[in-house]
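Below: query_9.tsv (TSV, C-alpha atoms)
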```tsv
chain	number	residue	atom	x	y	z
A	27	MET	CA	-2.69	-98.96	-10.03
A	28	SER	CA	-4.85	-96.41	-8.24
A	29	ILE	CA	-6.29	-93.53	-10.19
A	30	ALA	CA	-7.27	-90.26	-8.63
A	31	PRO	CA	-11.04	-89.61	-8.81
A	32	GLY	CA	-11.83	-87.91	-12.08
A	33	ALA	CA	-8.39	-88.55	-13.58
A	34	ILE	CA	-7.92	-89.97	-17.06
A	35	PRO	CA	-6.02	-93.30	-17.28
A	36	GLY	CA	-2.59	-92.86	-18.83
A	37	THR	CA	-2.15	-89.34	-17.51
A	38	ASP	CA	-0.82	-87.86	-14.30
A	39	PRO	CA	-3.08	-89.37	-11.56
A	40	ASN	CA	-2.71	-86.19	-9.52
A	41	VAL	CA	-4.35	-84.06	-12.23
A	42	TRP	CA	-8.11	-83.66	-11.98
A	43	ALA	CA	-9.87	-83.91	-15.33
A	44	GLU	CA	-12.87	-81.63	-15.78
A	45	PRO	CA	-15.77	-83.56	-17.33
A	46	ARG	CA	-16.89	-82.29	-20.71
A	47	PRO	CA	-20.31	-80.59	-20.54
A	48	THR	CA	-23.02	-82.55	-22.30
A	49	ALA	CA	-25.67	-79.83	-22.13
A	50	LEU	CA	-25.78	-76.07	-22.66
A	51	LEU	CA	-28.22	-73.31	-21.86
A	52	VAL	CA	-27.52	-70.51	-24.34
A	53	LEU	CA	-29.23	-67.20	-23.58
A	54	ALA	CA	-30.25	-64.70	-26.23
A	55	ASP	CA	-27.56	-62.26	-25.07
A	56	GLY	CA	-24.87	-64.86	-25.82
A	57	THR	CA	-24.37	-66.12	-22.27
A	58	VAL	CA	-23.48	-69.83	-22.26
A	59	ILE	CA	-24.17	-71.98	-19.18
A	60	GLU	CA	-22.65	-75.47	-19.15
A	61	GLY	CA	-24.02	-78.55	-17.42
A	62	ILE	CA	-24.79	-82.26	-17.55
A	63	GLY	CA	-27.42	-83.35	-20.03
A	64	LEU	CA	-30.44	-85.52	-19.33
A	65	GLY	CA	-33.70	-86.27	-21.03
A	66	ALA	CA	-34.14	-85.87	-24.76
A	67	VAL	CA	-31.14	-85.35	-27.04
A	68	GLY	CA	-31.20	-82.29	-29.28
A	69	SER	CA	-32.13	-78.66	-28.72
A	70	ARG	CA	-35.24	-76.65	-27.91
A	71	VAL	CA	-35.82	-72.90	-27.93
A	72	GLY	CA	-38.05	-71.08	-25.48
A	73	GLU	CA	-38.44	-68.54	-22.69
A	74	VAL	CA	-36.64	-69.32	-19.42
A	75	CYS	CA	-38.71	-68.95	-16.25
A	76	PHE	CA	-38.22	-70.16	-12.69
A	77	ASN	CA	-40.65	-72.17	-10.58
A	78	THR	CA	-40.46	-72.12	-6.78
A	79	ALA	CA	-42.63	-75.18	-6.06
A	80	MET	CA	-41.00	-77.82	-3.84
A	81	THR	CA	-43.19	-80.69	-5.07
A	82	GLY	CA	-45.09	-81.75	-8.16
A	83	TYR	CA	-42.42	-81.49	-10.85
A	84	GLN	CA	-44.22	-84.03	-13.02
A	85	GLU	CA	-47.46	-82.06	-12.92
A	86	ILE	CA	-45.54	-78.87	-13.71
A	87	LEU	CA	-43.70	-80.42	-16.64
A	88	THR	CA	-46.99	-81.63	-18.15
A	89	ASP	CA	-48.96	-78.42	-17.59
A	90	PRO	CA	-49.86	-77.20	-21.11
A	91	SER	CA	-49.55	-73.61	-19.87
A	92	TYR	CA	-45.75	-74.06	-19.99
A	93	ALA	CA	-45.69	-74.53	-23.77
A	94	GLY	CA	-42.87	-72.44	-25.19
A	95	GLN	CA	-40.98	-72.25	-21.89
A	96	ILE	CA	-37.88	-73.72	-20.28
A	97	ILE	CA	-38.47	-74.29	-16.56
A	98	THR	CA	-35.77	-73.62	-13.96
A	99	PHE	CA	-36.62	-75.35	-10.68
A	100	THR	CA	-35.39	-73.40	-7.67
A	101	PHE	CA	-35.84	-76.46	-5.44
A	102	PRO	CA	-32.52	-78.33	-5.81
A	103	HIS	CA	-33.67	-81.98	-5.67
A	104	ILE	CA	-35.89	-82.79	-8.62
A	105	GLY	CA	-36.61	-86.35	-9.74
A	106	ASN	CA	-35.91	-88.11	-6.46
A	107	VAL	CA	-39.43	-89.57	-6.28
A	108	GLY	CA	-39.47	-90.63	-9.93
A	109	VAL	CA	-42.56	-90.40	-12.11
A	110	ASN	CA	-45.76	-92.38	-12.59
A	111	ASP	CA	-48.69	-92.65	-14.97
A	112	GLU	CA	-51.15	-90.80	-12.71
A	113	ASP	CA	-49.54	-87.40	-12.03
A	114	ILE	CA	-49.84	-86.08	-15.59
A	115	GLU	CA	-51.79	-82.90	-16.27
A	116	THR	CA	-52.09	-82.97	-20.05
A	117	VAL	CA	-55.49	-84.40	-20.96
A	118	ASN	CA	-54.02	-86.51	-23.76
A	119	LEU	CA	-51.44	-88.80	-22.12
A	120	ALA	CA	-49.70	-89.28	-25.45
A	121	SER	CA	-49.47	-85.60	-26.34
A	122	ALA	CA	-46.29	-83.55	-26.25
A	123	ALA	CA	-45.23	-82.02	-22.97
A	124	GLY	CA	-45.96	-78.43	-22.16
A	125	ALA	CA	-42.41	-77.44	-21.23
A	126	ARG	CA	-39.64	-77.47	-23.81
A	127	GLY	CA	-36.80	-77.87	-21.36
A	128	VAL	CA	-35.91	-78.21	-17.69
A	129	VAL	CA	-32.99	-76.75	-15.71
A	130	LEU	CA	-31.90	-78.47	-12.47
A	131	LYS	CA	-29.42	-77.83	-9.69
A	132	ALA	CA	-28.58	-81.43	-8.73
A	133	GLU	CA	-28.22	-84.45	-10.96
A	134	VAL	CA	-31.22	-86.77	-10.76
A	135	THR	CA	-30.91	-89.62	-8.27
A	136	ASP	CA	-32.59	-93.02	-8.46
A	137	PRO	CA	-36.26	-92.71	-7.47
A	138	ALA	CA	-37.38	-93.65	-3.98
A	139	ASN	CA	-41.16	-93.63	-3.78
A	140	TRP	CA	-43.81	-96.36	-3.71
A	141	ARG	CA	-45.76	-94.72	-6.54
A	142	SER	CA	-42.77	-94.42	-8.90
A	143	THR	CA	-42.82	-96.43	-12.12
A	144	ARG	CA	-39.95	-94.81	-14.01
A	145	HIS	CA	-36.79	-92.72	-13.65
A	146	LEU	CA	-37.26	-89.04	-14.51
A	147	ASP	CA	-34.48	-89.18	-17.12
A	148	LEU	CA	-36.23	-91.93	-19.09
A	149	TRP	CA	-39.56	-90.11	-18.78
A	150	LEU	CA	-38.04	-86.86	-20.09
A	151	LYS	CA	-36.61	-88.74	-23.05
A	152	ALA	CA	-39.98	-90.30	-23.84
A	153	ARG	CA	-41.74	-86.92	-23.72
A	154	GLY	CA	-39.11	-85.03	-25.71
A	155	ILE	CA	-38.04	-82.68	-22.90
A	156	VAL	CA	-34.38	-81.58	-22.94
A	157	GLY	CA	-32.77	-81.26	-19.52
A	158	ILE	CA	-29.63	-79.77	-18.03
A	159	ALA	CA	-28.36	-80.41	-14.47
A	160	GLY	CA	-25.48	-79.13	-12.40
A	161	ILE	CA	-26.57	-75.50	-12.81
A	162	ASP	CA	-26.37	-72.74	-10.22
A	163	THR	CA	-30.11	-72.22	-10.29
A	164	ARG	CA	-29.91	-69.51	-7.61
A	165	ALA	CA	-27.73	-67.39	-9.88
A	166	LEU	CA	-30.01	-68.02	-12.87
A	167	THR	CA	-33.07	-67.10	-10.80
A	168	ALA	CA	-31.38	-63.90	-9.65
A	169	LEU	CA	-30.62	-63.05	-13.28
A	170	ILE	CA	-34.29	-63.53	-14.24
A	171	ARG	CA	-35.46	-61.40	-11.33
A	172	GLU	CA	-33.08	-58.62	-12.39
A	173	ALA	CA	-33.32	-58.74	-16.17
A	174	GLY	CA	-36.57	-60.57	-16.87
A	175	MET	CA	-37.27	-63.93	-18.50
A	176	PRO	CA	-34.71	-64.44	-21.29
A	177	ASN	CA	-35.15	-66.32	-24.52
A	178	ALA	CA	-32.74	-69.24	-24.74
A	179	VAL	CA	-31.83	-72.53	-26.35
A	180	ILE	CA	-31.34	-75.63	-24.21
A	181	ALA	CA	-29.24	-78.31	-25.90
A	182	HIS	CA	-28.19	-81.85	-24.96
A	183	ALA	CA	-25.47	-83.80	-26.81
A	184	PRO	CA	-24.05	-86.90	-25.04
A	185	ASP	CA	-20.75	-86.51	-26.93
A	186	GLY	CA	-20.37	-82.89	-25.83
A	187	GLN	CA	-20.20	-81.60	-29.40
A	188	PHE	CA	-22.19	-78.39	-30.04
A	189	ASP	CA	-22.42	-75.85	-32.83
A	190	LEU	CA	-22.23	-72.92	-30.43
A	191	ASP	CA	-22.57	-70.24	-33.10
A	192	ALA	CA	-25.77	-71.84	-34.41
A	193	LEU	CA	-27.22	-72.13	-30.89
A	194	LYS	CA	-26.45	-68.47	-30.14
A	195	ALA	CA	-28.05	-67.39	-33.40
A	196	GLU	CA	-31.18	-69.45	-32.70
A	197	ALA	CA	-31.54	-68.01	-29.19
A	198	ALA	CA	-31.03	-64.45	-30.39
A	199	GLY	CA	-33.41	-64.90	-33.32
A	200	TRP	CA	-36.38	-66.43	-31.49
A	201	PRO	CA	-39.13	-63.79	-31.35
A	202	GLY	CA	-40.38	-64.60	-27.85
A	203	LEU	CA	-43.88	-65.15	-26.47
A	204	VAL	CA	-45.32	-61.67	-27.09
A	205	GLY	CA	-47.73	-62.00	-30.01
A	206	MET	CA	-47.38	-65.81	-30.07
A	207	ASP	CA	-50.49	-68.02	-30.12
A	208	LEU	CA	-49.42	-71.38	-28.67
A	209	VAL	CA	-52.90	-72.70	-27.93
A	210	PRO	CA	-53.18	-74.66	-31.22
A	211	ASP	CA	-50.26	-76.79	-30.00
A	212	VAL	CA	-52.06	-77.90	-26.82
A	213	THR	CA	-55.84	-77.74	-27.35
A	214	THR	CA	-57.93	-80.81	-28.08
A	215	GLY	CA	-58.65	-81.63	-31.67
A	216	GLN	CA	-62.17	-82.84	-31.00
A	217	THR	CA	-65.03	-82.58	-28.53
A	218	PHE	CA	-65.05	-85.07	-25.64
A	219	THR	CA	-66.78	-85.61	-22.31
A	220	TRP	CA	-65.18	-85.87	-18.86
A	221	ASP	CA	-66.40	-87.59	-15.68
A	222	GLU	CA	-63.20	-88.48	-13.76
A	223	THR	CA	-63.06	-87.16	-10.17
A	224	THR	CA	-60.06	-86.45	-7.95
A	225	TRP	CA	-57.60	-89.01	-6.59
A	226	GLU	CA	-57.98	-90.57	-3.15
A	227	LEU	CA	-55.51	-92.76	-1.30
A	228	GLY	CA	-56.46	-96.41	-1.62
A	229	ARG	CA	-59.08	-95.69	-4.28
A	230	GLY	CA	-57.35	-93.75	-7.03
A	231	TYR	CA	-59.52	-91.69	-9.38
A	232	GLY	CA	-63.29	-91.99	-9.22
A	233	ARG	CA	-66.19	-91.27	-11.58
A	234	GLN	CA	-69.02	-88.72	-11.42
A	235	GLU	CA	-72.02	-91.00	-11.92
A	236	ALA	CA	-74.83	-88.58	-10.99
A	237	PRO	CA	-74.00	-85.13	-12.34
A	238	ALA	CA	-76.50	-82.39	-11.59
A	239	TYR	CA	-75.21	-79.79	-14.05
A	240	HIS	CA	-73.68	-79.61	-17.52
A	241	VAL	CA	-70.58	-77.46	-18.04
A	242	VAL	CA	-68.90	-76.73	-21.35
A	243	ALA	CA	-65.13	-76.26	-20.92
A	244	ILE	CA	-63.27	-74.45	-23.69
A	245	ASP	CA	-59.83	-76.03	-23.88
A	246	TYR	CA	-56.98	-73.55	-24.33
A	247	GLY	CA	-54.62	-76.05	-22.66
A	248	VAL	CA	-56.72	-77.38	-19.81
A	249	LYS	CA	-55.26	-79.37	-16.91
A	250	ARG	CA	-56.78	-82.68	-15.88
A	251	ASN	CA	-57.25	-81.63	-12.26
A	252	ILE	CA	-59.43	-78.70	-13.28
A	253	LEU	CA	-61.79	-81.10	-15.03
A	254	ARG	CA	-61.70	-83.46	-12.04
A	255	LEU	CA	-62.72	-80.67	-9.65
A	256	LEU	CA	-65.57	-79.67	-11.94
A	257	ALA	CA	-66.70	-83.30	-11.83
A	258	ASP	CA	-66.29	-83.31	-8.03
A	259	ALA	CA	-68.60	-80.29	-7.91
A	260	GLY	CA	-71.38	-82.28	-9.58
A	261	CYS	CA	-70.79	-81.40	-13.21
A	262	ARG	CA	-70.88	-83.37	-16.41
A	263	VAL	CA	-68.19	-81.73	-18.51
A	264	THR	CA	-68.10	-81.38	-22.29
A	265	VAL	CA	-64.70	-80.18	-23.52
A	266	LEU	CA	-64.54	-78.18	-26.76
A	267	PRO	CA	-61.52	-77.08	-28.83
A	268	ALA	CA	-60.18	-73.55	-28.41
A	269	THR	CA	-61.59	-72.57	-31.78
A	270	ALA	CA	-65.16	-73.37	-30.72
A	271	THR	CA	-67.60	-70.73	-31.94
A	272	ALA	CA	-70.45	-69.24	-29.94
A	273	GLU	CA	-72.82	-71.50	-31.86
A	274	ASP	CA	-70.74	-74.54	-30.89
A	275	VAL	CA	-70.82	-73.60	-27.20
A	276	LEU	CA	-74.44	-72.51	-26.96
A	277	GLY	CA	-75.56	-75.47	-29.05
A	278	HIS	CA	-74.71	-77.76	-26.12
A	279	ARG	CA	-77.19	-75.81	-23.94
A	280	PRO	CA	-74.74	-75.67	-21.01
A	281	ASP	CA	-75.62	-74.66	-17.47
A	282	GLY	CA	-72.18	-73.05	-17.21
A	283	VAL	CA	-69.10	-72.32	-19.31
A	284	PHE	CA	-65.50	-72.74	-18.17
A	285	LEU	CA	-62.55	-70.91	-19.82
A	286	SER	CA	-59.36	-72.88	-19.25
A	287	ASN	CA	-55.73	-72.10	-18.65
A	288	GLY	CA	-53.25	-72.18	-21.50
A	289	PRO	CA	-49.96	-70.84	-22.91
A	290	GLY	CA	-48.84	-67.88	-24.96
A	291	ASP	CA	-49.99	-64.31	-25.45
A	292	PRO	CA	-53.70	-63.86	-24.64
A	293	ALA	CA	-53.98	-61.07	-27.20
A	294	ALA	CA	-52.96	-63.49	-29.96
A	295	THR	CA	-55.35	-66.26	-28.88
A	296	GLY	CA	-58.06	-63.69	-28.23
A	297	ALA	CA	-58.29	-62.89	-31.93
A	298	TYR	CA	-60.57	-65.93	-32.32
A	299	ALA	CA	-61.50	-66.70	-28.67
A	300	VAL	CA	-62.82	-63.30	-27.55
A	301	PRO	CA	-65.90	-63.19	-29.83
A	302	THR	CA	-67.01	-66.55	-28.44
A	303	ILE	CA	-66.52	-65.38	-24.85
A	304	GLN	CA	-68.45	-62.17	-25.52
A	305	ALA	CA	-71.38	-64.16	-26.91
A	306	VAL	CA	-71.40	-66.43	-23.83
A	307	ILE	CA	-71.47	-63.37	-21.53
A	308	ALA	CA	-74.29	-61.84	-23.55
A	309	ALA	CA	-76.28	-65.07	-23.20
A	310	GLY	CA	-76.17	-64.73	-19.41
A	311	ILE	CA	-74.59	-68.14	-18.84
A	312	PRO	CA	-72.53	-68.52	-15.62
A	313	THR	CA	-68.88	-68.33	-16.66
A	314	PHE	CA	-65.63	-69.11	-14.82
A	315	GLY	CA	-62.12	-68.49	-16.19
A	316	ILE	CA	-58.67	-69.51	-15.01
A	317	CYS	CA	-55.23	-68.21	-16.07
A	318	LEU	CA	-55.34	-67.64	-19.86
A	319	GLY	CA	-59.12	-67.89	-19.60
A	320	HIS	CA	-59.00	-65.04	-17.05
A	321	GLN	CA	-56.83	-62.91	-19.34
A	322	MET	CA	-59.08	-63.46	-22.34
A	323	LEU	CA	-62.16	-62.69	-20.27
A	324	GLY	CA	-60.42	-59.43	-19.45
A	325	LEU	CA	-59.95	-58.76	-23.16
A	326	ALA	CA	-63.56	-59.70	-23.85
A	327	ILE	CA	-64.88	-57.05	-21.44
A	328	GLY	CA	-62.58	-54.33	-22.81
A	329	ALA	CA	-59.47	-54.50	-20.61
A	330	ASP	CA	-55.88	-54.90	-21.79
A	331	THR	CA	-53.26	-57.54	-20.97
A	332	MET	CA	-49.54	-57.01	-20.52
A	333	LYS	CA	-46.32	-59.04	-20.42
A	334	MET	CA	-44.86	-59.43	-16.93
A	335	HIS	CA	-41.22	-58.92	-16.01
A	336	GLN	CA	-40.61	-62.33	-14.45
A	337	GLY	CA	-44.09	-63.79	-14.24
A	338	HIS	CA	-45.50	-65.88	-11.41
A	339	HIS	CA	-44.57	-69.56	-11.29
A	340	GLY	CA	-44.82	-71.55	-8.09
A	341	ALA	CA	-47.05	-72.95	-5.36
A	342	ASN	CA	-46.57	-70.36	-2.60
A	343	HIS	CA	-48.18	-67.17	-3.92
A	344	PRO	CA	-50.40	-65.27	-1.45
A	345	VAL	CA	-53.58	-63.80	-2.90
A	346	LYS	CA	-56.25	-61.73	-1.16
A	347	ASP	CA	-59.92	-62.32	-2.01
A	348	PHE	CA	-61.60	-58.94	-1.60
A	349	THR	CA	-65.05	-60.58	-1.62
A	350	THR	CA	-64.32	-62.33	1.70
A	351	GLY	CA	-61.29	-60.46	3.06
A	352	LYS	CA	-59.42	-63.75	3.31
A	353	VAL	CA	-55.91	-64.60	2.10
A	354	GLU	CA	-55.16	-67.86	0.33
A	355	ILE	CA	-51.88	-69.44	-0.74
A	356	THR	CA	-52.10	-70.27	-4.41
A	357	SER	CA	-50.43	-72.06	-7.28
A	358	MET	CA	-49.50	-69.80	-10.21
A	359	ASN	CA	-48.12	-70.12	-13.70
A	360	HIS	CA	-48.39	-67.07	-15.93
A	361	GLY	CA	-46.22	-64.54	-17.72
A	362	PHE	CA	-49.03	-62.19	-18.78
A	363	ALA	CA	-51.53	-60.31	-16.63
A	364	VAL	CA	-54.69	-58.22	-16.89
A	365	ASP	CA	-53.95	-54.51	-16.57
A	366	ARG	CA	-56.23	-53.34	-13.76
A	367	ALA	CA	-55.93	-49.72	-14.92
A	368	THR	CA	-57.93	-50.67	-18.02
A	369	LEU	CA	-60.82	-52.46	-16.29
A	370	PRO	CA	-64.17	-50.89	-17.21
A	371	GLU	CA	-66.47	-49.48	-14.53
A	372	ASP	CA	-68.84	-52.45	-14.59
A	373	VAL	CA	-66.01	-54.86	-13.69
A	374	GLU	CA	-64.87	-55.40	-10.11
A	375	GLU	CA	-61.37	-56.52	-9.09
A	376	THR	CA	-61.90	-59.46	-6.73
A	377	HIS	CA	-58.40	-60.82	-6.10
A	378	VAL	CA	-54.90	-59.32	-5.90
A	379	SER	CA	-51.39	-60.75	-5.54
A	380	LEU	CA	-49.80	-59.90	-2.21
A	381	PHE	CA	-46.35	-60.37	-3.76
A	382	ASP	CA	-46.49	-57.57	-6.32
A	383	GLY	CA	-50.04	-56.18	-6.25
A	384	SER	CA	-50.93	-57.44	-9.73
A	385	ASN	CA	-54.50	-58.31	-10.64
A	386	CYS	CA	-55.55	-61.88	-9.83
A	387	GLY	CA	-59.31	-61.87	-10.23
A	388	ILE	CA	-62.30	-60.03	-11.72
A	389	ARG	CA	-66.08	-60.32	-11.91
A	390	ILE	CA	-68.67	-58.48	-13.95
A	391	LYS	CA	-71.10	-56.57	-11.76
A	392	GLY	CA	-74.64	-57.87	-12.06
A	393	LYS	CA	-73.65	-60.89	-14.17
A	394	PRO	CA	-72.68	-64.47	-13.23
A	395	VAL	CA	-69.19	-64.11	-14.70
A	396	PHE	CA	-65.83	-64.21	-12.87
A	397	SER	CA	-62.25	-65.37	-13.30
A	398	VAL	CA	-58.95	-65.71	-11.46
A	399	GLN	CA	-55.38	-65.47	-12.66
A	400	TYR	CA	-54.01	-68.29	-10.51
A	401	HIS	CA	-54.67	-72.07	-10.54
A	402	PRO	CA	-57.27	-72.97	-7.90
A	403	GLU	CA	-57.04	-76.65	-8.86
A	404	ALA	CA	-53.35	-76.55	-7.82
A	405	SER	CA	-51.79	-79.93	-8.72
A	406	PRO	CA	-49.24	-79.18	-7.49
A	407	GLY	CA	-49.93	-76.73	-4.72
A	408	PRO	CA	-52.19	-75.90	-1.77
A	409	ARG	CA	-55.94	-76.50	-1.84
A	410	ASP	CA	-56.93	-73.14	-0.37
A	411	SER	CA	-58.70	-72.09	-3.58
A	412	HIS	CA	-60.89	-75.13	-4.23
A	413	TYR	CA	-63.82	-73.05	-3.00
A	414	LEU	CA	-63.91	-71.28	-6.36
A	415	PHE	CA	-65.38	-74.36	-8.04
A	416	THR	CA	-68.24	-74.26	-5.54
A	417	ARG	CA	-68.60	-70.51	-6.17
A	418	PHE	CA	-68.97	-71.27	-9.88
A	419	VAL	CA	-71.56	-74.00	-9.34
A	420	ASN	CA	-73.47	-71.73	-6.94
A	421	LEU	CA	-73.89	-69.29	-9.83
A	422	ILE	CA	-75.41	-72.14	-11.82
A	423	ARG	CA	-77.67	-73.01	-8.89
A	424	ALA	CA	-78.79	-69.41	-8.56
A	425	ARG	CA	-79.72	-69.25	-12.23
A	426	LYS	CA	-81.83	-72.37	-11.73
A	427	GLY	CA	-83.47	-70.98	-8.62
A	428	GLU	CA	-81.67	-73.41	-6.29
A	429	ALA	CA	-80.15	-72.55	-2.92
A	430	PRO	CA	-76.36	-72.17	-2.72
A	431	VAL	CA	-74.13	-74.53	-0.76
A	432	PRO	CA	-71.18	-73.49	1.47
A	433	GLU	CA	-68.03	-72.74	-0.49
A	434	ARG	CA	-65.89	-75.84	-0.16
A	435	GLY	CA	-62.30	-75.39	0.93
A	436	ALA	CA	-62.48	-71.64	1.62
A	437	SER	CA	-59.56	-70.45	3.76
```
Could I get this file's structure written as structure tokens?
Amino acid sequence: MSIAPGAIPGTDPNVWAEPRPTALLVLADGTVIEGIGLGAVGSRVGEVCFNTAMTGYQEILTDPSYAGQIITFTFPHIGNVGVNDEDIETVNLASAAGARGVVLKAEVTDPANWRSTRHLDLWLKARGIVGIAGIDTRALTALIREAGMPNAVIAHAPDGQFDLDALKAEAAGWPGLVGMDLVPDVTTGQTFTWDETTWELGRGYGRQEAPAYHVVAIDYGVKRNILRLLADAGCRVTVLPATATAEDVLGHRPDGVFLSNGPGDPAATGAYAVPTIQAVIAAGIPTFGICLGHQMLGLAIGADTMKMHQGHHGANHPVKDFTTGKVEITSMNHGFAVDRATLPEDVEETHVSLFDGSNCGIRIKGKPVFSVQYHPEASPGPRDSHYLFTRFVNLIRARKGEAPVPERGAS
């Protein structure tokens, strides 16, 4: 007996049977989007954003800055190169993932890549990330662009049984990221040192064996590749928890201080982070901030931050560096921004987004302190902005009376 594709045995073979959805994305306004479940079973609540990167889904899904968010990938084929144990951005390989959920257009195929060690579905299960596939991600992206990033619940049940009323209530009741401090969920619990350098084909990761400078990195959710690029630039890196006090930081007698990326509302994290940053600035120590570190530096010098409509998430964002007049293509991941209208007179805007004109960089006039909103370490993304790590180390060199070196990787 032949059975029509999708038909149920014992029924009319000419009738197509719709598969029961095994995953739902339930928006706070009650909208229900059905799909095929993958990854962890259960439900997660968070803010839905979209990411336009075409590569690097594993790095994106382990970026601590995505804590509290559900990522919609606009690129349709995610998972086709599998996953491995090297392309992870959380410093602690055993820690929870940054993202709470993932939304995909196409179902995940078997991996086809020489570096792959595991199927994405199994990896998502192991890291507790709930996934949904078979979604019209173009329509969802258009909705976010029009209405902003919605709160939602993503749920996966292999038997297709859901308590829809409970999921709607959870999505509607979640307060959202404004006012939410998520850094305690992703920061390190103890001080540690870092000497791993960037990956090279045929060699893998290396070690910085002759560092010239000592940098203290305050971990608000730092990515591994940031620390690697600091090591590449000749630094021995000491990583401190987000709650580190000024005494903790200055007690290490650093040549420079780095303020890392991270998730959540900078105003909430700034309640305990800003006093430390202000003390570092007052001490005259060269300071470099990225992403959340940039936003909290803005707060520390008297500016305000604001929630963005749809945020910036992707690896194709053009930014102009006013200090050189050059344009670089950058990797971004943020839903808050520094309000340029509130910058004090002694602070210069150094970088701006060419997509929407939002602030992407500042520096304090007359002091060795600067920051950028985007992710110059990329991973994933272009390497146009690697020069900023040299710019940071040149500030350290200047303070020591040493000559600067050419900015590496400048566009």
Provide the CA of Pro280 in chain A to CA of Ile311 in chain A distance in Å, to one decimal place.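 If I compute the distance from CA of Pro280 in chain A to CA of Ile311 in chain A, I get 7.8 Å.
The shortest atom-to-atom distance to Leu50 in chain A, with only C-alpha atoms taken into account, belongs to A:Gln187 out of A:Thr313, A:Asn420, A:Thr349, A:Gln187.
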As a JSON list (two decimals) with C-alpha atoms, keeping the file's coordinate frame, please: the residues near range 258-272 of chain A (cut-off 7 Å, only C-alpha atoms, same-chain neighbours under 2 positions excluded).
```json
[["chain", "number", "residue", "atom", "x", "y", "z"],
["A", 213, "THR", "CA", -55.84, -77.74, -27.35],
["A", 214, "THR", "CA", -57.93, -80.81, -28.08],
["A", 215, "GLY", "CA", -58.65, -81.63, -31.67],
["A", 216, "GLN", "CA", -62.17, -82.84, -31.00],
["A", 217, "THR", "CA", -65.03, -82.58, -28.53],
["A", 218, "PHE", "CA", -65.05, -85.07, -25.64],
["A", 219, "THR", "CA", -66.78, -85.61, -22.31],
["A", 220, "TRP", "CA", -65.18, -85.87, -18.86],
["A", 221, "ASP", "CA", -66.40, -87.59, -15.68],
["A", 223, "THR", "CA", -63.06, -87.16, -10.17],
["A", 224, "THR", "CA", -60.06, -86.45, -7.95],
["A", 234, "GLN", "CA", -69.02, -88.72, -11.42],
["A", 237, "PRO", "CA", -74.00, -85.13, -12.34],
["A", 238, "ALA", "CA", -76.50, -82.39, -11.59],
["A", 239, "TYR", "CA", -75.21, -79.79, -14.05],
["A", 240, "HIS", "CA", -73.68, -79.61, -17.52],
["A", 241, "VAL", "CA", -70.58, -77.46, -18.04],
["A", 242, "VAL", "CA", -68.90, -76.73, -21.35],
["A", 243, "ALA", "CA", -65.13, -76.26, -20.92],
["A", 244, "ILE", "CA", -63.27, -74.45, -23.69],
["A", 245, "ASP", "CA", -59.83, -76.03, -23.88],
["A", 246, "TYR", "CA", -56.98, -73.55, -24.33],
["A", 254, "ARG", "CA", -61.70, -83.46, -12.04],
["A", 255, "LEU", "CA", -62.72, -80.67, -9.65],
["A", 256, "LEU", "CA", -65.57, -79.67, -11.94],
["A", 274, "ASP", "CA", -70.74, -74.54, -30.89],
["A", 275, "VAL", "CA", -70.82, -73.60, -27.20],
["A", 276, "LEU", "CA", -74.44, -72.51, -26.96],
["A", 298, "TYR", "CA", -60.57, -65.93, -32.32],
["A", 299, "ALA", "CA", -61.50, -66.70, -28.67],
["A", 302, "THR", "CA", -67.01, -66.55, -28.44],
["A", 305, "ALA", "CA", -71.38, -64.16, -26.91],
["A", 306, "VAL", "CA", -71.40, -66.43, -23.83],
["A", 415, "PHE", "CA", -65.38, -74.36, -8.04],
["A", 416, "THR", "CA", -68.24, -74.26, -5.54]]
```
Which residue, A:Pro312, A:Gly340, A:Gly282, A:Pro201, has the smallest gap to Ser405 in chain A when you use only C-alpha atoms? A:Gly340
Please identify all polymer residues within 6 Å of Ala329 in chain A, counting all atoms listed in the file, omitting same-chain residues fewer than 3 positions from it, and present them as a list in words.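 In the requested format, the answer is Gly324, Leu325, Thr368 and Leu369 of chain A.
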CA of Ser379 in chain A to CA of Val345 in chain A, distance in Å rounded to a single decimal: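 It comes out at 4.6 Å.
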With 6 Å added on each side, what axis-aligned box encloses every listed atom of range 237-254 of chain A? Give the centre and edge lengths in Å to one decimal, as JSON.
```
{"center_x": -65.6, "center_y": -79.3, "center_z": -18.0, "size_x": 33.9, "size_y": 23.6, "size_z": 24.7}
```
Residues within 8 Å of (-58.4, -82.8, -19.1), file coords, only C-alpha atoms, listed as a list of chain:residue names: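 Every polymer residue passing the test: A:Glu115, A:Thr116, A:Val117, A:Asn118, A:Trp220, A:Val248, A:Lys249, A:Arg250, A:Asn251, A:Ile252, A:Leu253, A:Arg254.
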Dump as a PDB file, in the frame of the given file, selection limited to C-alpha atoms:
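Below you can see part-v8.pdb, which holds the result:
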```pdb
ATOM      1  CA  GLU A 115     -51.790 -82.900 -16.270  1.00  0.00           C
ATOM      2  CA  THR A 116     -52.090 -82.970 -20.050  1.00  0.00           C
ATOM      3  CA  VAL A 117     -55.490 -84.400 -20.960  1.00  0.00           C
ATOM      4  CA  ASN A 118     -54.020 -86.510 -23.760  1.00  0.00           C
ATOM      5  CA  TRP A 220     -65.180 -85.870 -18.860  1.00  0.00           C
ATOM      6  CA  VAL A 248     -56.720 -77.380 -19.810  1.00  0.00           C
ATOM      7  CA  LYS A 249     -55.260 -79.370 -16.910  1.00  0.00           C
ATOM      8  CA  ARG A 250     -56.780 -82.680 -15.880  1.00  0.00           C
ATOM      9  CA  ASN A 251     -57.250 -81.630 -12.260  1.00  0.00           C
ATOM     10  CA  ILE A 252     -59.430 -78.700 -13.280  1.00  0.00           C
ATOM     11  CA  LEU A 253     -61.790 -81.100 -15.030  1.00  0.00           C
ATOM     12  CA  ARG A 254     -61.700 -83.460 -12.040  1.00  0.00           C
TER      13      ARG A 254
END
```
